[in-house]
Amino acid sequence: MSGLSSYLFSTLSKVGGLGGSGVPDFHFTLGEKLEFPGKTLWQVHLAQSTNGKQEATVFVFDKGQGASHTAAAQNALKRMRTLRHPNMLKYLEGVETAEAIYIATEAVVPLVMDLGVKRDGSDELIKWGLFKVAEALKFINEDCKLVHGNMAATSVFVTRAGEWRVGGLELADVAGSKDNGGSQQMYRQYTSVIPGYAARMAPEMAAQNWALVQGGKLGALDGWGLAVLIYEIYNGELQAATQMQTQGQIPQSVWPLYRRLYATDMRRRATAAEFLQVGQQTGGYLDSKFVRACQFIENVAVKEEEERREFFAGLDTTIAEFPAEFTKHKILPELLKMIEFGGIGSREHDAKVLSSVIQIGKRMDEDEYNRLVAPAIVQLFGSNDRALRFNLLEHMGGFIESVPQSLVLKKVYPDFAAGFLDGAPAIREATVKAALVLAPKLNQKTLNGDLMRQLVRLVADAEPGIRTNSLICIGKLCTARRSGIELEGDGVTESTVRFVVCPALLHALRDQFPPVRSAALSVASACAGRWDALEVSRRVVPAISPLLVDSELPVRSAAFKAMSAMISRVDEYAKSMPETSSKGPAAPGKPSVQTQASMGAADGWSGWAVSSLSSTITGALSLASSSLPIGQAQPGDRAPSAPTIITSSQPPMSPRNSTTVSSPTASVSKPHPKPQQPIAAEPEASGWNFDDNWDDSNDAWGLDDDDLDTELAGEQPLADSQGGAGGMVTRAASIEPTSASASKTSAKPARPASALTAFGATSQVAKPVSRRTKGLGAMKLGGAKKNSDALLDQLL
């Protein structure tokens with residue numbers, strides 16, 4: 001077995017034109033030649049198939065050794081082609097040319113090379129090896145009615161798994177007389193061509209008592225050969241038949257069986273079949289836990305259910321005691337075949353087998369795992385057997401960490417994602433739970449682009465349990481760092497949380513199943529820090545509010561926690577906001593007298609109500625007395641809250657000199673010799689609701705837009721006007737026409753007097769003569785259009 005550790009030899013060489021196209025119809029390339037102390041007719045080479053997919057061992061015989069040697073080699077080729085048994089050397093291909101004979105078999109090394117290597121479990125491997133050899137000899141003797149005739153250490157070969165295979169069929173022939181007349185058996189005629197055969201020849205053959213050989217007990221001749229094998233295993237190469245009488249290093253447990261095998265009387269000699277029968281009795285040489293476990297695994301399909309239950313209950317412990325190499329290359333393939341092809345009983349048994357496979361994989365290095373375990377498990381994910389897929393999903397945490405990410409993305413995840421759409425609820429639920437284990441192996445594109453969307457889709461699943469578990473899985477992935485899950489990069493991105501997760505949570509808050517609502521609230525609370533604050537205040541808080549009085553206590557408790565988390569999120573965001581959204585700088589220092597009078601000494605709701613009322617009144621009067629085009633204001637100071645009314649007969653008032661409006665006539669200006677045209681400055685963001693059709697051709701004041709533009713051509717433009725928190729800020733200017741404007745308007749026809757009448761000392765507003773009003777009359781203040789006296793009386 002030590003030679004097999006270098007199976008991936010670095011240099012393949014062709015020997016004298018051998019291999020590849022050098023040998024017709026032979027599809028193996030020869031490599032390293034194995035040198036071993038045993039004596040044989042063959043040269044043994046490690047080899048590979050020409051396509052590089054299969055490792056092998058090639059036996060090469062040179063016909064130049066002579067005709068008798070060639071006949072023995074030809075007999076070996078013939079018997080290997082026709083004899084097939086699990087414990088015999090597996091034949092792959094054979095070719096005979098004019099110069100040589102080539103036989104390709106499974107990858108093995110001679111036993112004589114492996115015996116010198118000490119490893120864990122060697123004694124158990126020897127027991128198992130002798131068991132396999134004895135079974136092969138039993139098959140040859142009893143089933144095929146043949147005699148092997150050449151059993152020794154040089155005729156046994158070892159696979160990479162440590163299993164023994166029977167070869168050396170140069171002398172194999174029928175047990176009785178041959179059908180073709182006087183022709184002699186190979187083991188009678190060609191023993192001389194086998195190197196070292198004289199030292200291990202059976203007594204009846206040495207005495208040439210062929211009648212006893214042909215008429216004796218079938219298998220007795222090969223029983224002697226089995227004794228030779230046992231001696232050479234423990235004591236080395238046999239030099240003379242007399243050495244077999246000494247025990248040497250042969251264990252006492254096998255010594256009684258050994259003595260029966262080398263009995264000089266052929267009639268009393270034990271056969272291979274008897275060796276198996278006695279050795280497997282209770283307390284016998286072959287009655288070991290290791291041998292029994294190996295036998296059971298090979299024949300598990302024909303075992304009774306009770307036997308399977310008992311065996312699989314202790315499988316993990318049993319496998320832990322097996323030799324490492326044997327476990328990797330023998331037990332592991334057998335267990336994988338059990339999983340793949342089934343037939344081992346209940347789901348509990350499947351789970352035990354899969355657990356054992358995972359345990360074996362943990363004992364391997366990365367290269368071995370990727371070569372032996374990972375491909376088999378990946379292949380299992382493509383199975384249509386729901387029971388197998390369910391077991392894979394349940395035990396994914398035990399093996400997925402060792403599977404390379406590239407293999408997960410290409411092979412595992414596509415089959416895994418199919419579980420989200422499976423018709424069986426158990427598969428869908430197991431897939432959701434396994435997603436937490438698989439997620440660290442996914443890249444960000446697959447995580448955010450597919451996995452999260454698959455989970456969100458299951459939030460609307462027909463099964464309430466699946467909906468609940470999907471929400472829990474989503475919450476853990478969104479809070480991966482706190483959950484101890486290491487995701488690639490940033491994990492679940494902010495866009496996924498906002499546009500994929502949040503809508504699903506809002507939908508789940510209305511679910512009829514209480515645990516779903518509770519899970520959605522818990523996830524929302526855990527993810528509060530990742531929610532958009534505006535989204536929280538506008539959509540999430542209103543959605544959570546009804547659940548504060550839910551009929552289920554767990555839901556109510558979760559709702560209060562979630563609401564607290566959301567309020568904290570909004571409060572944190574609000575503290576980072578500016579005090580005002582006004583573009584202009586706030587007036588420094590002491591507030592205006594008007595603002596102080598509006599707020600008074602009250603805070604809270606009282607202060608807001610008075611300030612709003614004051615803004616409404618002063619804003620209305622400001623609109624009525626303004627004479628500039630809408631949207632313009634004279635550069636200057638602004639009142640901090642309510643607008644200040646400035647007439648054309650007095651200079652603009654600073655905020656410090658402004659007074660609070662106490663009556664309808666208190667802030668109304670004296671009549672001006674010239675009529676005024678009041679124009680309302682439209683605020684950018686205020687509580688006023690204007691009629692949108694302000695630019696109709698029919699002017700409410702009886703003026704055409706062109707006339708007004710001409711008349712006001714000499715005015716200075718107003719600064720950009722913006723409303724504060726309580727109302728609008730406006731600035732009135734003189735509307736007396738300049739000489740230029742007077743000359744332009746002199747040619748205009750006279751306007752009706754009512755159209756140019758402004759607010760006078762009596763605060764009477766001229767009624768509009770047009771069909772549609774503008775400015776103050778167009779404001780919607782909760783009722784029909786009214787004159788200023790009625791409006792102010794109602795408000796005050």
# chains A, B, ... in the order shown; residues from 1 in each chain; ligands from 1
$ residues_around --residues "Ser470 in chain A" --least-positions-apart "6" --cutoff "9 Å" --atoms "only C-alpha atoms" --output "list in words"
Glu429, Val432, Lys433, Leu455, Val456, Arg457, Leu458 and Val459 of chain A
$ residues_around --residues "Pro440 in chain A" --least-positions-apart "2" --cutoff "10 Å" --atoms "only C-alpha atoms" --output "PyMOL selection string"
chain A and resi 400-401+405+435-438+442-444+447+477+480+485-488+491
$ residues_around --residues "Leu146 in chain A" --least-positions-apart "2" --cutoff "10 Å" --atoms "only C-alpha atoms" --output "list of chain:residue names"
A:Leu137, A:Lys138, A:Phe139, A:Ile140, A:Asn141, A:Glu142, A:Asp143, A:Cys144, A:His148, A:Gly149, A:Ala172, A:Asp173, A:Val174, A:Ala175, A:Gly176, A:Leu218, A:Gly219, A:Asp222
$ closest_residue --among "A:Lys127, A:Lys411, A:Arg269, A:Arg363" --to "Ala376 in chain A" --atoms "only C-alpha atoms"
A:Lys411
$ select_by_dssp --residues "range 397-445 of chain A" --states "helix (DSSP H, G or I)" --output "ChimeraX atom specification"
/A:397-398,400-402,405-421,425-441,444-445
$ closest_residue --among "A:Ala558, A:Ile194, A:Leu261, A:Ile233" --to "Gln245 in chain A" --atoms "only C-alpha atoms"
A:Leu261
$ atom_distance --atom1 "CA of Thr431 in chain A" --atom2 "CA of Tyr413 in chain A"
10.9 Å
$ closest_residue --among "A:Ala462, A:Arg510, A:Arg556, A:Trp531" --to "Ala543 in chain A" --atoms "only C-alpha atoms"
A:Arg510
$ residues_around --residues "Ala98 in chain A" --least-positions-apart "2" --cutoff "8 Å" --atoms "only C-alpha atoms" --output "number ranges by chain"
A: 63, 96, 100
$ closest_residue --among "A:Val60, A:Leu89, A:Ile101, A:Leu125" --to "Arg165 in chain A" --atoms "only C-alpha atoms"
A:Leu89
$ residues_around --residues "Gly167 in chain A" --least-positions-apart "2" --cutoff "9 Å" --atoms "only C-alpha atoms" --output "ChimeraX atom specification"
/A:76,80,88-90,151,154-157,165,169-170
$ residues_around --residues "range 41-46 of chain A" --least-positions-apart "3" --cutoff "6 Å" --atoms "only C-alpha atoms" --output "list in words"
Gly31, Glu32, Lys33, Leu34, Thr57, Val58, Phe59, Val60 and Phe61 of chain A
$ residues_around --residues "Arg260 in chain A" --least-positions-apart "4" --cutoff "9 Å" --atoms "only C-alpha atoms" --output "count of residues only"
9
